[in-house]
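Engineer: Input: one structure, supplied below.
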Amino acid sequence: MSETHLPGETAIVLIAHGSRAVAANQAHRKMAVDLEAMLGMPVWAAFLELADPLIPSAIHQATAAGATKVLVLPYFLYPGRHLVLDIPELVATTAAMHPDVDIVTMEGFGEDPAVLGVLVAQVRRAAARSS
């Protein structure tokens, strides 16, 4: 996967937990590439732990590439410890190093009604195959 990103003043840092499974980390990086293509704005893959780049590094990379606004998008379902404590702490510490950049941490996506629709579609596809 390419490390070349689309130019843009607003960038997204897409966060996953990180895994010892290389394929899981590669899938997250691909998700970032696909999201960048769909949105037409730069998307940086990042990890909380176990893989690189870590969250602070990805934020630094996005700002070094010219982003004046960084949307930190946790790819987490529900507000557990990482979403409520760990990620906000890392982002706040990193944001302090970039006082001229607007760094916004978004919520997890588990409460979005669209998630239920995805699950319903998945169950319906599986049910149709087994009939």
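As shown in the structure tokens, the chain order sets the letters A, B, ...; within each chain, residues go from 1, and ligands are also counted from 1 in the order they appear.
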Could you name the residues that touch stretch 91-108 of chain A at 9 Å or less, counting only C-alpha atoms, but leaving out those on the same chain fewer than 3 positions away, as a ChimeraX atom specification?

Structural biologist: /A:55-57,59-60,63,67-79,83,86-88,111-112

Engineer: Take the residues just selected and output them with N, CA, C and O atoms as an mmCIF file, in the first residue's frame.

Structural biologist:
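Output (again_7.cif):
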data_model
loop_
_atom_site.group_PDB
_atom_site.id
_atom_site.type_symbol
_atom_site.label_atom_id
_atom_site.label_comp_id
_atom_site.auth_asym_id
_atom_site.auth_seq_id
_atom_site.Cartn_x
_atom_site.Cartn_y
_atom_site.Cartn_z
ATOM 1 N N ILE A 55 -0.656 6.319 17.304
ATOM 2 C CA ILE A 55 -1.513 7.496 17.154
ATOM 3 C C ILE A 55 -0.716 8.804 17.074
ATOM 4 O O ILE A 55 -0.921 9.593 16.143
ATOM 5 N N PRO A 56 0.178 9.088 18.029
ATOM 6 C CA PRO A 56 0.916 10.360 17.941
ATOM 7 C C PRO A 56 1.691 10.509 16.628
ATOM 8 O O PRO A 56 1.682 11.581 16.017
ATOM 9 N N SER A 57 2.324 9.425 16.183
ATOM 10 C CA SER A 57 3.095 9.493 14.937
ATOM 11 C C SER A 57 2.209 9.833 13.747
ATOM 12 O O SER A 57 2.591 10.641 12.887
ATOM 13 N N ILE A 59 -0.626 11.473 13.778
ATOM 14 C CA ILE A 59 -1.039 12.879 13.879
ATOM 15 C C ILE A 59 0.105 13.792 13.432
ATOM 16 O O ILE A 59 -0.106 14.738 12.674
ATOM 17 N N HIS A 60 1.316 13.485 13.881
ATOM 18 C CA HIS A 60 2.490 14.277 13.456
ATOM 19 C C HIS A 60 2.647 14.217 11.935
ATOM 20 O O HIS A 60 2.923 15.232 11.288
ATOM 21 N N THR A 63 -0.010 16.410 10.208
ATOM 22 C CA THR A 63 0.261 17.845 10.323
ATOM 23 C C THR A 63 1.487 18.228 9.493
ATOM 24 O O THR A 63 1.506 19.298 8.883
ATOM 25 N N ALA A 67 -1.872 19.356 7.121
ATOM 26 C CA ALA A 67 -3.218 19.402 7.694
ATOM 27 C C ALA A 67 -3.297 20.487 8.768
ATOM 28 O O ALA A 67 -2.428 20.586 9.625
ATOM 29 N N THR A 68 -4.336 21.291 8.694
ATOM 30 C CA THR A 68 -4.593 22.290 9.728
ATOM 31 C C THR A 68 -5.757 21.856 10.618
ATOM 32 O O THR A 68 -6.037 22.486 11.629
ATOM 33 N N LYS A 69 -6.421 20.785 10.191
ATOM 34 C CA LYS A 69 -7.467 20.163 11.006
ATOM 35 C C LYS A 69 -7.286 18.655 10.887
ATOM 36 O O LYS A 69 -7.146 18.129 9.775
ATOM 37 N N VAL A 70 -7.292 17.968 12.021
ATOM 38 C CA VAL A 70 -7.150 16.515 12.033
ATOM 39 C C VAL A 70 -8.352 15.931 12.767
ATOM 40 O O VAL A 70 -8.591 16.258 13.931
ATOM 41 N N LEU A 71 -9.084 15.090 12.062
ATOM 42 C CA LEU A 71 -10.199 14.380 12.662
ATOM 43 C C LEU A 71 -9.702 12.992 13.061
ATOM 44 O O LEU A 71 -9.292 12.208 12.205
ATOM 45 N N VAL A 72 -9.685 12.731 14.356
ATOM 46 C CA VAL A 72 -9.217 11.453 14.869
ATOM 47 C C VAL A 72 -10.435 10.540 14.967
ATOM 48 O O VAL A 72 -11.352 10.796 15.746
ATOM 49 N N LEU A 73 -10.441 9.500 14.151
ATOM 50 C CA LEU A 73 -11.593 8.617 14.020
ATOM 51 C C LEU A 73 -11.267 7.238 14.591
ATOM 52 O O LEU A 73 -10.613 6.427 13.940
ATOM 53 N N PRO A 74 -11.705 6.966 15.815
ATOM 54 C CA PRO A 74 -11.468 5.636 16.385
ATOM 55 C C PRO A 74 -12.365 4.600 15.705
ATOM 56 O O PRO A 74 -13.580 4.774 15.647
ATOM 57 N N TYR A 75 -11.758 3.568 15.199
ATOM 58 C CA TYR A 75 -12.486 2.464 14.578
ATOM 59 C C TYR A 75 -12.784 1.435 15.673
ATOM 60 O O TYR A 75 -12.295 0.321 15.665
ATOM 61 N N PHE A 76 -13.562 1.898 16.646
ATOM 62 C CA PHE A 76 -13.943 1.120 17.824
ATOM 63 C C PHE A 76 -15.463 1.201 17.944
ATOM 64 O O PHE A 76 -16.055 2.244 17.670
ATOM 65 N N LEU A 77 -16.071 0.116 18.389
ATOM 66 C CA LEU A 77 -17.528 0.106 18.507
ATOM 67 C C LEU A 77 -18.048 0.861 19.723
ATOM 68 O O LEU A 77 -18.872 1.755 19.593
ATOM 69 N N TYR A 78 -17.602 0.493 20.893
ATOM 70 C CA TYR A 78 -18.247 0.988 22.111
ATOM 71 C C TYR A 78 -17.258 1.693 23.033
ATOM 72 O O TYR A 78 -16.057 1.466 22.968
ATOM 73 N N PRO A 79 -17.777 2.534 23.933
ATOM 74 C CA PRO A 79 -16.916 3.371 24.787
ATOM 75 C C PRO A 79 -16.280 2.622 25.957
ATOM 76 O O PRO A 79 -16.602 2.855 27.112
ATOM 77 N N LEU A 83 -11.379 3.862 24.339
ATOM 78 C CA LEU A 83 -12.105 4.963 23.712
ATOM 79 C C LEU A 83 -12.348 6.121 24.669
ATOM 80 O O LEU A 83 -12.305 7.284 24.271
ATOM 81 N N ASP A 86 -7.756 6.104 27.096
ATOM 82 C CA ASP A 86 -6.437 6.003 26.462
ATOM 83 C C ASP A 86 -6.295 6.888 25.223
ATOM 84 O O ASP A 86 -5.327 7.647 25.100
ATOM 85 N N ILE A 87 -7.235 6.790 24.311
ATOM 86 C CA ILE A 87 -7.140 7.571 23.075
ATOM 87 C C ILE A 87 -7.236 9.073 23.355
ATOM 88 O O ILE A 87 -6.391 9.836 22.871
ATOM 89 N N PRO A 88 -8.213 9.532 24.166
ATOM 90 C CA PRO A 88 -8.250 10.975 24.453
ATOM 91 C C PRO A 88 -6.965 11.499 25.102
ATOM 92 O O PRO A 88 -6.529 12.607 24.775
ATOM 93 N N GLU A 111 -22.845 3.308 18.271
ATOM 94 C CA GLU A 111 -24.189 3.832 18.486
ATOM 95 C C GLU A 111 -24.855 4.310 17.198
ATOM 96 O O GLU A 111 -26.033 4.645 17.201
ATOM 97 N N ASP A 112 -24.115 4.329 16.095
ATOM 98 C CA ASP A 112 -24.679 4.785 14.829
ATOM 99 C C ASP A 112 -25.710 3.770 14.344
ATOM 100 O O ASP A 112 -25.407 2.574 14.245
#

Engineer: Fewer than 4 positions away in the same chain doesn't count, so skip those; otherwise give me all residues within 12 Å of A:Glu36, counting only C-alpha atoms, as a count of residues only.

Structural biologist: 22

Engineer: Given only C-alpha atoms as the basis, pick out the residue of A:Val123, A:Ala65, A:Ala58, A:Val84 nearest to A:Glu9.

Structural biologist: A:Ala65

Engineer: Report as a ChimeraX atom specification all protein, DNA and RNA residues lying within 12 Å of A:Arg20, evaluated on only C-alpha atoms, omitting residues in the same chain fewer than 5 positions from it.

Structural biologist: /A:25-26,47,49-52

Engineer: Export, as a CSV table (one decimal), in the first residue's frame, the selected residues with C-alpha atoms.

Structural biologist:
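Heads up, here's the output in again08.csv:
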chain,number,residue,atom,x,y,z
A,25,ASN,CA,-3.0,-4.6,10.7
A,26,GLN,CA,-2.8,-4.8,6.9
A,47,PHE,CA,-2.8,2.1,16.0
A,49,GLU,CA,-0.6,-0.3,20.3
A,50,LEU,CA,1.1,-3.4,18.8
A,51,ALA,CA,1.6,-1.9,15.3
A,52,ASP,CA,3.0,1.2,13.6

Engineer: Mind pulling up the distance from atom CA of A:Ala126 to atom CA of A:Gly110?

Structural biologist: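 These atoms are spaced 21.7 Å apart.
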
Engineer: What is the atom CA of A:Pro113 to atom CA of A:Ala46 distance in Å?

Structural biologist: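 One can read the atom CA of A:Pro113 to atom CA of A:Ala46 distance as 25.1 Å.
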
Engineer: DSSP on the backbone: what in chain A comes out strand (DSSP E), as a short mmCIF file (atom, residue, chain, number, x, y, z; two decimals) with C-alpha atoms, in the first residue's frame?

Structural biologist:
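Result file result.cif:
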data_model
loop_
_atom_site.label_atom_id
_atom_site.label_comp_id
_atom_site.auth_asym_id
_atom_site.auth_seq_id
_atom_site.Cartn_x
_atom_site.Cartn_y
_atom_site.Cartn_z
CA THR A 10 -8.37 18.41 6.78
CA ALA A 11 -6.94 14.94 7.42
CA ILE A 12 -8.31 11.89 9.16
CA VAL A 13 -6.37 9.65 11.49
CA LEU A 14 -8.18 6.30 11.51
CA ILE A 15 -7.37 4.39 14.69
CA ALA A 16 -7.50 0.65 15.28
CA VAL A 43 -6.54 9.36 5.75
CA TRP A 44 -3.72 8.10 7.94
CA ALA A 45 -3.93 4.63 9.48
CA ALA A 46 -2.86 4.55 13.13
CA PHE A 47 -2.79 2.09 15.99
CA LYS A 69 -7.47 20.16 11.01
CA VAL A 70 -7.15 16.51 12.03
CA LEU A 71 -10.20 14.38 12.66
CA VAL A 72 -9.22 11.45 14.87
CA LEU A 73 -11.59 8.62 14.02
CA PRO A 74 -11.47 5.64 16.38
CA ASP A 102 -7.51 21.84 15.24
CA ILE A 103 -7.43 18.21 16.41
CA VAL A 104 -10.87 16.70 17.04
CA THR A 105 -11.49 13.23 18.44
#

Engineer: Output as JSON, numbers by chain all residues of chain A that backbone DSSP marks as alpha helix (DSSP H).

Structural biologist: {"A": [22, 23, 24, 25, 26, 27, 28, 29, 30, 31, 32, 33, 34, 35, 36, 37, 38, 39, 55, 56, 57, 58, 59, 60, 61, 62, 63, 64, 81, 87, 88, 89, 90, 91, 92, 93, 94, 95, 113, 114, 115, 116, 117, 118, 119, 120, 121, 122, 123, 124, 125, 126, 127, 128, 129, 130]}

Engineer: Can I get the selection written as a PDB file, in the first residue's frame, with C-alpha atoms?

Structural biologist:
ATOM      1  CA  VAL A  22      -0.086  -8.941  10.586  1.00  0.00           C
ATOM      2  CA  ALA A  23      -3.160  -9.514   8.414  1.00  0.00           C
ATOM      3  CA  ALA A  24      -5.354  -7.558  10.844  1.00  0.00           C
ATOM      4  CA  ASN A  25      -3.036  -4.550  10.712  1.00  0.00           C
ATOM      5  CA  GLN A  26      -2.833  -4.772   6.919  1.00  0.00           C
ATOM      6  CA  ALA A  27      -6.644  -4.858   6.718  1.00  0.00           C
ATOM      7  CA  HIS A  28      -6.790  -1.649   8.787  1.00  0.00           C
ATOM      8  CA  ARG A  29      -4.261   0.055   6.528  1.00  0.00           C
ATOM      9  CA  LYS A  30      -6.333  -0.985   3.507  1.00  0.00           C
ATOM     10  CA  MET A  31      -9.453   0.441   5.186  1.00  0.00           C
ATOM     11  CA  ALA A  32      -7.632   3.779   5.506  1.00  0.00           C
ATOM     12  CA  VAL A  33      -6.636   3.713   1.829  1.00  0.00           C
ATOM     13  CA  ASP A  34     -10.203   2.877   0.790  1.00  0.00           C
ATOM     14  CA  LEU A  35     -11.661   5.570   3.051  1.00  0.00           C
ATOM     15  CA  GLU A  36      -9.243   8.120   1.597  1.00  0.00           C
ATOM     16  CA  ALA A  37     -10.344   7.202  -1.932  1.00  0.00           C
ATOM     17  CA  MET A  38     -14.030   7.482  -1.045  1.00  0.00           C
ATOM     18  CA  LEU A  39     -13.719  10.760   0.882  1.00  0.00           C
ATOM     19  CA  ILE A  55      -1.513   7.496  17.154  1.00  0.00           C
ATOM     20  CA  PRO A  56       0.916  10.360  17.941  1.00  0.00           C
ATOM     21  CA  SER A  57       3.095   9.493  14.937  1.00  0.00           C
ATOM     22  CA  ALA A  58       0.143   9.494  12.561  1.00  0.00           C
ATOM     23  CA  ILE A  59      -1.039  12.879  13.879  1.00  0.00           C
ATOM     24  CA  HIS A  60       2.490  14.277  13.456  1.00  0.00           C
ATOM     25  CA  GLN A  61       2.612  12.872   9.890  1.00  0.00           C
ATOM     26  CA  ALA A  62      -0.743  14.425   9.005  1.00  0.00           C
ATOM     27  CA  THR A  63       0.261  17.845  10.323  1.00  0.00           C
ATOM     28  CA  ALA A  64       3.680  17.621   8.642  1.00  0.00           C
ATOM     29  CA  ARG A  81     -11.328   2.107  28.393  1.00  0.00           C
ATOM     30  CA  ILE A  87      -7.140   7.571  23.075  1.00  0.00           C
ATOM     31  CA  PRO A  88      -8.250  10.975  24.453  1.00  0.00           C
ATOM     32  CA  GLU A  89      -5.089  11.147  26.604  1.00  0.00           C
ATOM     33  CA  LEU A  90      -2.802  10.344  23.667  1.00  0.00           C
ATOM     34  CA  VAL A  91      -4.596  12.803  21.405  1.00  0.00           C
ATOM     35  CA  ALA A  92      -4.545  15.598  24.019  1.00  0.00           C
ATOM     36  CA  THR A  93      -0.825  15.139  24.641  1.00  0.00           C
ATOM     37  CA  THR A  94      -0.121  15.151  20.916  1.00  0.00           C
ATOM     38  CA  ALA A  95      -2.455  18.092  20.256  1.00  0.00           C
ATOM     39  CA  PRO A 113     -27.956   3.287  13.556  1.00  0.00           C
ATOM     40  CA  ALA A 114     -26.175   2.298  10.348  1.00  0.00           C
ATOM     41  CA  VAL A 115     -24.296  -0.402  12.301  1.00  0.00           C
ATOM     42  CA  LEU A 116     -27.571  -2.187  13.007  1.00  0.00           C
ATOM     43  CA  GLY A 117     -28.374  -2.061   9.296  1.00  0.00           C
ATOM     44  CA  VAL A 118     -25.022  -3.679   8.459  1.00  0.00           C
ATOM     45  CA  LEU A 119     -25.678  -6.475  10.957  1.00  0.00           C
ATOM     46  CA  VAL A 120     -29.207  -7.044   9.641  1.00  0.00           C
ATOM     47  CA  ALA A 121     -27.884  -7.274   6.059  1.00  0.00           C
ATOM     48  CA  GLN A 122     -25.163  -9.710   7.136  1.00  0.00           C
ATOM     49  CA  VAL A 123     -27.665 -11.978   8.931  1.00  0.00           C
ATOM     50  CA  ARG A 124     -30.069 -11.877   5.996  1.00  0.00           C
ATOM     51  CA  ARG A 125     -27.308 -12.878   3.552  1.00  0.00           C
ATOM     52  CA  ALA A 126     -26.295 -15.780   5.795  1.00  0.00           C
ATOM     53  CA  ALA A 127     -29.900 -16.884   6.290  1.00  0.00           C
ATOM     54  CA  ALA A 128     -30.535 -16.812   2.544  1.00  0.00           C
ATOM     55  CA  ARG A 129     -27.491 -19.047   1.893  1.00  0.00           C
ATOM     56  CA  SER A 130     -28.555 -21.661   4.408  1.00  0.00           C
TER      57      SER A 130
END
